[in-house]
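The file input_21.cif comes next; it holds mmCIF, C-alpha atoms.
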```cif
data_final
#
loop_
_atom_site.group_PDB
_atom_site.id
_atom_site.type_symbol
_atom_site.label_atom_id
_atom_site.label_comp_id
_atom_site.auth_asym_id
_atom_site.auth_seq_id
_atom_site.Cartn_x
_atom_site.Cartn_y
_atom_site.Cartn_z
ATOM 1 C CA MET A 1 -18.315 -12.665 13.150
ATOM 2 C CA GLU A 2 -15.459 -14.029 11.075
ATOM 3 C CA THR A 3 -15.980 -14.527 7.375
ATOM 4 C CA MET A 4 -13.454 -15.611 4.794
ATOM 5 C CA THR A 5 -13.012 -13.864 1.461
ATOM 6 C CA GLY A 6 -11.366 -15.324 -1.636
ATOM 7 C CA ASP A 7 -9.661 -18.689 -1.838
ATOM 8 C CA HIS A 8 -7.636 -18.428 1.402
ATOM 9 C CA THR A 9 -8.525 -20.443 4.497
ATOM 10 C CA ALA A 10 -8.003 -19.173 8.048
ATOM 11 C CA ALA A 11 -5.017 -21.529 8.370
ATOM 12 C CA ASP A 12 -3.508 -20.056 5.170
ATOM 13 C CA ILE A 13 -3.805 -16.526 6.515
ATOM 14 C CA ASP A 14 -2.350 -17.527 9.899
ATOM 15 C CA ARG A 15 0.617 -19.038 8.072
ATOM 16 C CA HIS A 16 0.990 -15.864 5.977
ATOM 17 C CA VAL A 17 0.948 -13.690 9.107
ATOM 18 C CA ARG A 18 3.714 -15.767 10.706
ATOM 19 C CA VAL A 19 5.785 -15.321 7.537
ATOM 20 C CA TYR A 20 5.139 -11.544 7.539
ATOM 21 C CA ILE A 21 6.456 -11.249 11.081
ATOM 22 C CA THR A 22 9.577 -13.299 10.258
ATOM 23 C CA VAL A 23 10.184 -11.187 7.144
ATOM 24 C CA PHE A 24 9.719 -7.985 9.157
ATOM 25 C CA VAL A 25 12.439 -9.038 11.632
ATOM 26 C CA SER A 26 14.732 -9.979 8.719
ATOM 27 C CA LEU A 27 14.137 -6.612 7.030
ATOM 28 C CA MET A 28 15.028 -4.747 10.218
ATOM 29 C CA ALA A 29 18.234 -6.789 10.557
ATOM 30 C CA LEU A 30 19.157 -6.151 6.898
ATOM 31 C CA THR A 31 18.584 -2.406 7.328
ATOM 32 C CA LEU A 32 20.968 -2.329 10.277
ATOM 33 C CA ILE A 33 23.489 -4.452 8.343
ATOM 34 C CA THR A 34 23.307 -1.983 5.418
ATOM 35 C CA VAL A 35 24.111 0.941 7.714
ATOM 36 C CA ALA A 36 26.808 -1.004 9.613
ATOM 37 C CA ILE A 37 28.587 -1.904 6.363
ATOM 38 C CA SER A 38 28.739 1.771 5.364
ATOM 39 C CA TYR A 39 30.781 2.499 8.522
ATOM 40 C CA LEU A 40 33.466 0.042 7.356
ATOM 41 C CA HIS A 41 34.449 2.561 4.628
ATOM 42 C CA LEU A 42 35.173 -0.175 2.099
ATOM 43 C CA PRO A 43 36.708 0.735 -1.286
ATOM 44 C CA LEU A 44 33.966 2.191 -3.521
ATOM 45 C CA PRO A 45 33.538 -0.728 -5.995
ATOM 46 C CA ILE A 46 33.222 -3.207 -3.105
ATOM 47 C CA ALA A 47 30.938 -0.853 -1.143
ATOM 48 C CA ILE A 48 28.619 -0.458 -4.166
ATOM 49 C CA THR A 49 28.515 -4.229 -4.777
ATOM 50 C CA VAL A 50 27.804 -5.082 -1.138
ATOM 51 C CA ALA A 51 25.224 -2.293 -0.672
ATOM 52 C CA LEU A 52 23.318 -3.256 -3.824
ATOM 53 C CA LEU A 53 23.511 -6.938 -2.921
ATOM 54 C CA VAL A 54 21.988 -6.317 0.519
ATOM 55 C CA ALA A 55 19.366 -3.982 -1.035
ATOM 56 C CA THR A 56 18.482 -6.692 -3.578
ATOM 57 C CA VAL A 57 18.004 -9.287 -0.824
ATOM 58 C CA THR A 58 15.909 -6.808 1.193
ATOM 59 C CA GLY A 59 13.835 -5.841 -1.851
ATOM 60 C CA SER A 60 13.328 -9.485 -2.821
ATOM 61 C CA LEU A 61 11.936 -10.249 0.635
ATOM 62 C CA VAL A 62 9.395 -7.434 0.231
ATOM 63 C CA ALA A 63 8.465 -8.394 -3.341
ATOM 64 C CA CYS A 64 8.230 -12.147 -2.727
ATOM 65 C CA ASN A 65 6.333 -12.032 0.570
ATOM 66 C CA PHE A 66 4.427 -8.744 0.929
ATOM 67 C CA MET A 67 3.648 -8.460 -2.805
ATOM 68 C CA HIS A 68 3.085 -12.242 -2.996
ATOM 69 C CA LEU A 69 5.360 -12.630 -6.009
ATOM 70 C CA ILE A 70 6.440 -15.989 -4.654
ATOM 71 C CA SER A 71 3.087 -17.448 -5.737
ATOM 72 C CA GLU A 72 1.785 -15.281 -8.578
ATOM 73 C CA LYS A 73 0.244 -16.126 -11.934
ATOM 74 C CA LYS A 74 2.399 -16.610 -15.052
ATOM 75 C CA LEU A 75 1.103 -13.458 -16.715
ATOM 76 C CA ILE A 76 2.438 -11.282 -13.878
ATOM 77 C CA TYR A 77 5.854 -12.949 -14.191
ATOM 78 C CA ALA A 78 5.753 -12.305 -17.946
ATOM 79 C CA VAL A 79 4.966 -8.614 -17.425
ATOM 80 C CA LEU A 80 7.762 -8.293 -14.867
ATOM 81 C CA GLY A 81 10.202 -10.240 -17.046
ATOM 82 C CA LEU A 82 9.607 -7.836 -19.931
ATOM 83 C CA THR A 83 9.956 -4.897 -17.551
ATOM 84 C CA ALA A 84 13.248 -6.294 -16.260
ATOM 85 C CA VAL A 85 14.620 -6.505 -19.841
ATOM 86 C CA PHE A 86 13.761 -2.850 -20.550
ATOM 87 C CA PHE A 87 14.973 -1.772 -17.106
ATOM 88 C CA LEU A 88 18.364 -3.435 -17.596
ATOM 89 C CA ALA A 89 18.635 -1.922 -21.095
ATOM 90 C CA LEU A 90 17.952 1.472 -19.552
ATOM 91 C CA LEU A 91 20.633 0.986 -16.896
ATOM 92 C CA ALA A 92 23.072 -0.233 -19.558
ATOM 93 C CA LEU A 93 22.629 2.920 -21.657
ATOM 94 C CA PRO A 94 25.127 5.007 -19.644
ATOM 95 C CA VAL A 95 27.705 2.222 -20.006
ATOM 96 C CA VAL A 96 27.155 2.037 -23.761
ATOM 97 C CA THR A 97 27.466 5.795 -24.234
ATOM 98 C CA VAL A 98 30.887 5.920 -22.566
ATOM 99 C CA HIS A 99 32.157 2.771 -24.298
ATOM 100 C CA ASP A 100 34.440 4.240 -26.938
ATOM 101 C CA GLY A 101 34.356 2.346 -30.212
ATOM 102 C CA PHE A 102 30.929 0.820 -29.601
ATOM 103 C CA TRP A 103 27.948 1.846 -31.716
ATOM 104 C CA ILE A 104 27.610 5.189 -29.891
ATOM 105 C CA HIS A 105 30.655 7.498 -30.028
ATOM 106 C CA MET B 1 -23.693 -1.988 -15.782
ATOM 107 C CA ASP B 2 -21.315 -3.685 -13.315
ATOM 108 C CA ILE B 3 -17.563 -3.450 -13.783
ATOM 109 C CA PRO B 4 -16.448 -6.892 -15.028
ATOM 110 C CA TYR B 5 -13.864 -9.143 -13.352
ATOM 111 C CA THR B 6 -13.476 -7.222 -10.106
ATOM 112 C CA VAL B 7 -13.848 -10.396 -8.049
ATOM 113 C CA GLU B 8 -14.252 -13.247 -10.490
ATOM 114 C CA ILE B 9 -11.134 -14.501 -12.278
ATOM 115 C CA ARG B 10 -10.775 -14.075 -16.036
ATOM 116 C CA ARG B 11 -10.250 -17.390 -17.782
ATOM 117 C CA ASP B 12 -7.649 -16.048 -20.229
ATOM 118 C CA THR B 13 -5.393 -14.308 -17.680
ATOM 119 C CA GLY B 14 -6.197 -16.251 -14.523
ATOM 120 C CA LEU B 15 -6.421 -12.899 -12.723
ATOM 121 C CA THR B 16 -8.881 -10.133 -11.928
ATOM 122 C CA ASN B 17 -8.668 -7.027 -14.129
ATOM 123 C CA GLY B 18 -7.598 -4.870 -11.198
ATOM 124 C CA LYS B 19 -4.624 -7.121 -10.447
ATOM 125 C CA ILE B 20 -3.378 -6.945 -14.042
ATOM 126 C CA GLY B 21 -3.967 -3.189 -14.054
ATOM 127 C CA ILE B 22 -1.932 -2.466 -10.934
ATOM 128 C CA TRP B 23 0.983 -4.641 -12.089
ATOM 129 C CA LEU B 24 1.085 -2.917 -15.490
ATOM 130 C CA PHE B 25 1.064 0.412 -13.680
ATOM 131 C CA LEU B 26 3.916 -0.740 -11.421
ATOM 132 C CA ALA B 27 5.850 -1.847 -14.518
ATOM 133 C CA SER B 28 5.588 1.718 -15.855
ATOM 134 C CA GLU B 29 6.736 2.996 -12.463
ATOM 135 C CA VAL B 30 9.819 0.757 -12.642
ATOM 136 C CA MET B 31 10.713 2.451 -15.916
ATOM 137 C CA LEU B 32 10.134 5.925 -14.440
ATOM 138 C CA PHE B 33 12.471 5.333 -11.502
ATOM 139 C CA GLY B 34 14.775 3.299 -13.756
ATOM 140 C CA ALA B 35 15.264 6.339 -16.000
ATOM 141 C CA LEU B 36 16.220 8.436 -12.978
ATOM 142 C CA PHE B 37 18.588 5.747 -11.649
ATOM 143 C CA ALA B 38 20.216 5.565 -15.099
ATOM 144 C CA SER B 39 20.593 9.362 -15.036
ATOM 145 C CA TYR B 40 22.191 9.094 -11.594
ATOM 146 C CA ILE B 41 24.711 6.526 -12.855
ATOM 147 C CA LEU B 42 25.503 8.647 -15.910
ATOM 148 C CA ILE B 43 25.989 11.838 -13.891
ATOM 149 C CA ARG B 44 28.033 10.110 -11.173
ATOM 150 C CA THR B 45 30.338 8.191 -13.501
ATOM 151 C CA GLY B 46 30.870 11.313 -15.597
ATOM 152 C CA ALA B 47 31.733 13.545 -12.627
ATOM 153 C CA PRO B 48 35.415 14.179 -11.798
ATOM 154 C CA SER B 49 34.563 13.819 -8.091
ATOM 155 C CA TRP B 50 31.455 12.779 -6.192
ATOM 156 C CA PRO B 51 30.706 13.252 -2.484
ATOM 157 C CA ARG B 52 29.882 10.316 -0.223
ATOM 158 C CA GLY B 53 26.215 10.603 0.708
ATOM 159 C CA ASP B 54 26.893 10.477 4.450
ATOM 160 C CA THR B 55 29.043 13.621 4.245
ATOM 161 C CA MET B 56 26.077 15.673 3.010
ATOM 162 C CA LEU B 57 22.973 13.825 4.224
ATOM 163 C CA ASN B 58 21.580 12.771 7.587
ATOM 164 C CA VAL B 59 22.068 8.979 7.779
ATOM 165 C CA PRO B 60 20.422 8.433 11.225
ATOM 166 C CA LEU B 61 17.235 10.186 10.052
ATOM 167 C CA ALA B 62 17.219 8.210 6.800
ATOM 168 C CA THR B 63 17.747 4.967 8.755
ATOM 169 C CA LEU B 64 14.775 5.903 10.938
ATOM 170 C CA ASN B 65 12.725 6.544 7.788
ATOM 171 C CA THR B 66 13.738 3.164 6.357
ATOM 172 C CA ILE B 67 12.519 1.445 9.534
ATOM 173 C CA VAL B 68 9.295 3.507 9.432
ATOM 174 C CA LEU B 69 8.560 2.635 5.798
ATOM 175 C CA ILE B 70 9.315 -1.076 6.237
ATOM 176 C CA SER B 71 7.040 -1.108 9.312
ATOM 177 C CA SER B 72 4.295 0.545 7.251
ATOM 178 C CA SER B 73 4.607 -2.238 4.665
ATOM 179 C CA VAL B 74 4.002 -4.769 7.437
ATOM 180 C CA THR B 75 0.925 -2.932 8.757
ATOM 181 C CA MET B 76 -0.357 -2.671 5.162
ATOM 182 C CA VAL B 77 -0.089 -6.398 4.522
ATOM 183 C CA MET B 78 -1.627 -7.088 7.957
ATOM 184 C CA ALA B 79 -4.560 -4.817 6.995
ATOM 185 C CA TRP B 80 -5.147 -6.979 3.917
ATOM 186 C CA ALA B 81 -4.782 -10.197 5.959
ATOM 187 C CA SER B 82 -7.367 -8.843 8.436
ATOM 188 C CA LEU B 83 -9.874 -8.371 5.622
ATOM 189 C CA LYS B 84 -9.149 -11.890 4.390
ATOM 190 C CA ARG B 85 -10.154 -13.097 7.870
ATOM 191 C CA GLY B 86 -13.254 -10.899 7.826
ATOM 192 C CA ARG B 87 -12.011 -8.693 10.670
ATOM 193 C CA PHE B 88 -12.954 -5.212 9.518
ATOM 194 C CA GLY B 89 -12.147 -3.530 12.861
ATOM 195 C CA THR B 90 -8.603 -4.909 12.832
ATOM 196 C CA PHE B 91 -8.225 -3.825 9.207
ATOM 197 C CA ARG B 92 -9.035 -0.248 10.217
ATOM 198 C CA ILE B 93 -6.423 -0.277 12.996
ATOM 199 C CA TYR B 94 -3.673 -1.591 10.698
ATOM 200 C CA MET B 95 -4.654 0.756 7.870
ATOM 201 C CA ALA B 96 -4.624 3.732 10.258
ATOM 202 C CA GLY B 97 -1.149 2.594 11.359
ATOM 203 C CA THR B 98 0.005 2.480 7.733
ATOM 204 C CA ILE B 99 -1.265 6.004 7.053
ATOM 205 C CA LEU B 100 0.299 7.354 10.266
ATOM 206 C CA LEU B 101 3.669 5.738 9.479
ATOM 207 C CA GLY B 102 3.511 7.317 6.014
ATOM 208 C CA LEU B 103 2.917 10.644 7.723
ATOM 209 C CA VAL B 104 5.889 10.075 10.053
ATOM 210 C CA PHE B 105 8.054 9.373 6.978
ATOM 211 C CA LEU B 106 6.995 12.673 5.402
ATOM 212 C CA VAL B 107 7.539 14.659 8.619
ATOM 213 C CA VAL B 108 11.078 13.243 8.953
ATOM 214 C CA LYS B 109 11.688 14.093 5.283
ATOM 215 C CA TYR B 110 10.401 17.620 5.946
ATOM 216 C CA PHE B 111 13.000 18.067 8.715
ATOM 217 C CA GLU B 112 15.718 16.735 6.406
ATOM 218 C CA TYR B 113 14.742 19.087 3.582
ATOM 219 C CA SER B 114 14.426 22.033 5.996
ATOM 220 C CA ALA B 115 17.961 21.456 7.282
ATOM 221 C CA HIS B 116 19.297 21.370 3.697
ATOM 222 C CA PHE B 117 17.485 24.553 2.704
ATOM 223 C CA HIS B 118 18.637 26.267 5.904
ATOM 224 C CA GLU B 119 22.261 25.433 4.990
ATOM 225 C CA GLY B 120 21.693 26.766 1.467
ATOM 226 C CA ALA B 121 21.938 23.256 -0.020
ATOM 227 C CA LEU B 122 19.499 23.492 -2.938
ATOM 228 C CA PRO B 123 18.881 21.336 -6.042
ATOM 229 C CA SER B 124 20.777 23.973 -8.036
ATOM 230 C CA THR B 125 23.841 23.784 -5.740
ATOM 231 C CA ASN B 126 25.434 20.730 -7.367
ATOM 232 C CA ASN B 127 24.622 17.557 -9.316
ATOM 233 C CA PHE B 128 24.532 15.380 -6.183
ATOM 234 C CA LEU B 129 21.846 17.526 -4.559
ATOM 235 C CA ALA B 130 19.957 17.839 -7.874
ATOM 236 C CA ILE B 131 19.616 14.063 -8.224
ATOM 237 C CA TYR B 132 18.999 13.653 -4.457
ATOM 238 C CA PHE B 133 16.095 16.125 -4.434
ATOM 239 C CA THR B 134 14.663 14.749 -7.700
ATOM 240 C CA LEU B 135 14.679 11.104 -6.578
ATOM 241 C CA THR B 136 13.545 11.680 -2.992
ATOM 242 C CA GLY B 137 11.024 14.329 -4.084
ATOM 243 C CA LEU B 138 9.423 11.985 -6.621
ATOM 244 C CA HIS B 139 9.441 9.210 -4.039
ATOM 245 C CA GLY B 140 7.804 11.565 -1.513
ATOM 246 C CA LEU B 141 5.036 12.333 -4.030
ATOM 247 C CA HIS B 142 4.432 8.590 -4.330
ATOM 248 C CA VAL B 143 4.174 8.330 -0.532
ATOM 249 C CA ILE B 144 1.556 11.113 -0.570
ATOM 250 C CA GLY B 145 -0.330 9.347 -3.399
ATOM 251 C CA GLY B 146 -0.314 6.025 -1.561
ATOM 252 C CA MET B 147 -1.450 7.666 1.686
ATOM 253 C CA THR B 148 -4.330 9.382 -0.140
ATOM 254 C CA VAL B 149 -5.603 6.100 -1.587
ATOM 255 C CA ASN B 150 -5.158 4.310 1.751
ATOM 256 C CA ALA B 151 -7.021 7.104 3.556
ATOM 257 C CA TYR B 152 -9.871 6.706 1.061
ATOM 258 C CA PHE B 153 -10.091 2.972 1.804
ATOM 259 C CA TRP B 154 -9.895 3.633 5.535
ATOM 260 C CA GLY B 155 -12.706 6.226 5.284
ATOM 261 C CA PRO B 156 -15.385 6.696 2.608
ATOM 262 C CA GLY B 157 -14.217 3.835 0.372
ATOM 263 C CA ALA B 158 -14.751 1.332 3.197
ATOM 264 C CA LYS B 159 -18.519 1.416 2.567
ATOM 265 C CA LEU B 160 -17.898 -1.166 -0.147
ATOM 266 C CA TRP B 161 -17.064 -3.721 2.568
ATOM 267 C CA LYS B 162 -20.768 -3.889 3.510
ATOM 268 C CA THR B 163 -21.991 -4.603 -0.019
ATOM 269 C CA ASN B 164 -19.090 -6.464 -1.639
ATOM 270 C CA PRO B 165 -16.342 -7.515 0.825
ATOM 271 C CA GLU B 166 -14.333 -9.485 -1.748
ATOM 272 C CA TRP B 167 -14.106 -6.538 -4.122
ATOM 273 C CA PHE B 168 -13.074 -4.271 -1.245
ATOM 274 C CA THR B 169 -10.406 -6.782 -0.162
ATOM 275 C CA ASN B 170 -9.039 -6.876 -3.719
ATOM 276 C CA ARG B 171 -8.930 -3.080 -3.841
ATOM 277 C CA VAL B 172 -6.957 -2.969 -0.596
ATOM 278 C CA GLU B 173 -4.584 -5.613 -1.983
ATOM 279 C CA HIS B 174 -3.959 -3.460 -5.076
ATOM 280 C CA SER B 175 -3.367 -0.343 -3.026
ATOM 281 C CA GLY B 176 -1.025 -2.459 -0.877
ATOM 282 C CA LEU B 177 0.963 -3.517 -3.943
ATOM 283 C CA PHE B 178 1.555 0.144 -4.744
ATOM 284 C CA TRP B 179 2.557 0.861 -1.155
ATOM 285 C CA HIS B 180 5.057 -2.036 -1.091
ATOM 286 C CA PHE B 181 6.491 -0.779 -4.370
ATOM 287 C CA VAL B 182 7.076 2.640 -2.767
ATOM 288 C CA ASP B 183 8.851 0.819 0.073
ATOM 289 C CA LEU B 184 10.895 -1.163 -2.463
ATOM 290 C CA VAL B 185 12.063 2.005 -4.222
ATOM 291 C CA TRP B 186 13.200 3.470 -0.890
ATOM 292 C CA ILE B 187 15.126 0.282 -0.063
ATOM 293 C CA PHE B 188 17.297 1.033 -3.114
ATOM 294 C CA LEU B 189 17.327 4.837 -2.742
ATOM 295 C CA PHE B 190 18.605 4.683 0.847
ATOM 296 C CA PRO B 191 21.991 3.004 0.244
ATOM 297 C CA THR B 192 22.437 4.590 -3.188
ATOM 298 C CA LEU B 193 22.024 8.184 -2.024
ATOM 299 C CA TYR B 194 22.929 8.124 1.670
ATOM 300 C CA LEU B 195 25.597 5.469 2.119
ATOM 301 C CA LEU B 196 27.708 5.347 -1.056
#
```
As C-alpha cells, please, write out the structure in this file.
Amino acid sequence: METMTGDHTAADIDRHVRVYITVFVSLMALTLITVAISYLHLPLPIAITVALLVATVTGSLVACNFMHLISEKKLIYAVLGLTAVFFLALLALPVVTVHDGFWIH
Amino acid sequence: MDIPYTVEIRRDTGLTNGKIGIWLFLASEVMLFGALFASYILIRTGAPSWPRGDTMLNVPLATLNTIVLISSSVTMVMAWASLKRGRFGTFRIYMAGTILLGLVFLVVKYFEYSAHFHEGALPSTNNFLAIYFTLTGLHGLHVIGGMTVNAYFWGPGAKLWKTNPEWFTNRVEHSGLFWHFVDLVWIFLFPTLYLL
C-alpha cells in the first residue's frame, strides 16, 4: 500500500527523485574534474582558486538539492546567514593576524 | 506528555522543532570545522614550505572515498523519498545502502591510516600530517556518528513508522541533513588536503 506523508504529492517526489539522479551524475563529473585539474599542476594560487571554486559548486549542489536548501523557510536562511558571517570572520582571522599595521601586530 | 511540534508546524517559525534543532546543530558544526580550516590556513601560510598533498597522500583511494560518500548521500535522500511515498521496504534497502557505504568509507580510511602508520608518518611527524589527521579523524568520527543514528532508524527506531509515520519520516530527514553535511565537509577536505 502506498501512503503519502507530509505536504508532498507522489508527482512531487517523482520530480525530486529525477533531480537527485541528475545531481548525482553532476557530482560524479565534478569529482573527476577536481582530480583531473590537480594533474595539470597549475601555479598554486590558480590551483587553490579553481579547486575551491569546483568544491563550492559541488557543495552547493548537495546543499541545495539533497538538503533542500533551494526551498527552505526564511528562518533557516537567517540561521545560515548568521553562521556564514561568523565563519567568514573566522577564516579572515589568520589574514588579520599577519597583516602588519592592522589592529593586531 | 507528547513532545510538541514533531509533525505539526509551529506558527512562529514555520518549521517543526526538530528541523530548527538540526540546523542550529549544523551551524555549530560549521564553526567547529571552520576553526580547524582557519588553523590550517594559518599553519600553511606561516610555514616556510608546505608539501603538495598528492606527494604524501593516496589520491586514488581518496577519490574512491569521495565517490562512495557522494553515493551514500544519494541513497540517504532516496531513503527519505521512499518514506515520503510510503514505501517502507524500499526505505530499508536505501538506508542499508547508506550505512554500508559509510562502512566502506571507513574501511578505505583505515587502509590509508594503516599505510601512513606503517611508513612512520604520524600526527607528530610534521604540521601537514598533524592537520591531516585532525581534520580527517574528526570527519571520520562524524561518519561513525551518522552511521550509528542511521543504523538506529534502520533497526529499533523504525518501530515508530507503525505508530507515527510522519514523525519517523521527519526524523530520517533530520538524520539525512547531518549525513549530507558530513558529505559536504568531505567535498572541501578532499581538494584542500589531497590535491593542493
>> If I take atom CA of B:Ala158 and atom CA of B:Gly89, how far is one from the other in Å, to one decimal?
In response: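 We find that atom CA of B:Ala158 and atom CA of B:Gly89 lie 11.1 Å from each other.
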> How far is it from atom CA of B:Trp186 to atom CA of B:Ile20, in Å with one decimal?
Replying inline: 23.6 Å
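Residues matched by the PyMOL selection byres ((chain B) within 7 of (chain A)) in this file are Thr13, Gly14, Ala27, Met31, Gly34, Ala35, Ala38, Ile41, Leu42, Ile67, Val74, Val77, Ala81, Lys84, Arg85, Gly86, Arg87, Glu166, Leu177, His180, Leu184, Ile187, Phe188, Pro191, Leu195 and Leu196 of chain B.
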> Near B:Leu141, within 12 Å and counting all atoms listed in the file, which residues show up once chain neighbours fewer than 4 positions away are dropped, as a ChimeraX atom specification?
Replying inline: /B:102,105-106,109,133-137,145-148,182
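For the pair atom CA of B:Thr63 and atom CA of B:Tyr194, the separation is 9.3 Å.
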>> Once the PyMOL selection byres ((chain B and resi 152) around 12) has been evaluated on this model, what residues remain selected, and can you format them as an MDAnalysis selection string?
In response: chainID B and resid 92 95:96 99 145:151 153:160 168 171:172 175
With 3 Å on each side, where is the centre of the axis-aligned box around all listed atoms of stretch 54-57 of chain B, and how long are its edges in Å to one decimal, as JSON?
```
{"center_x": 26.0, "center_y": 13.1, "center_z": 3.7, "size_x": 12.1, "size_y": 11.2, "size_z": 7.4}
```
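The residue that comes closest to B:Glu112, out of B:Asn65, B:Thr163, B:Thr45, B:Thr192 and on the basis of all atoms listed in the file, is B:Asn65.
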>> Neighbouring residues of B:Thr6 were defined as those with any atom within 7 Å, considering all atoms listed in the file; residues of the same chain fewer than 5 positions away were excluded. Please report them as a PyMOL selection string.
In response: chain B and resi 16-18+167
> Given the file above and the PyMOL selection byres ((chain B and resi 129) around 12), which residues are selected, and can you give them as a PyMOL selection string?
Replying inline: chain B and resi 40+43-44+50-53+56-57+113+116-117+120-128+130-137+193-194
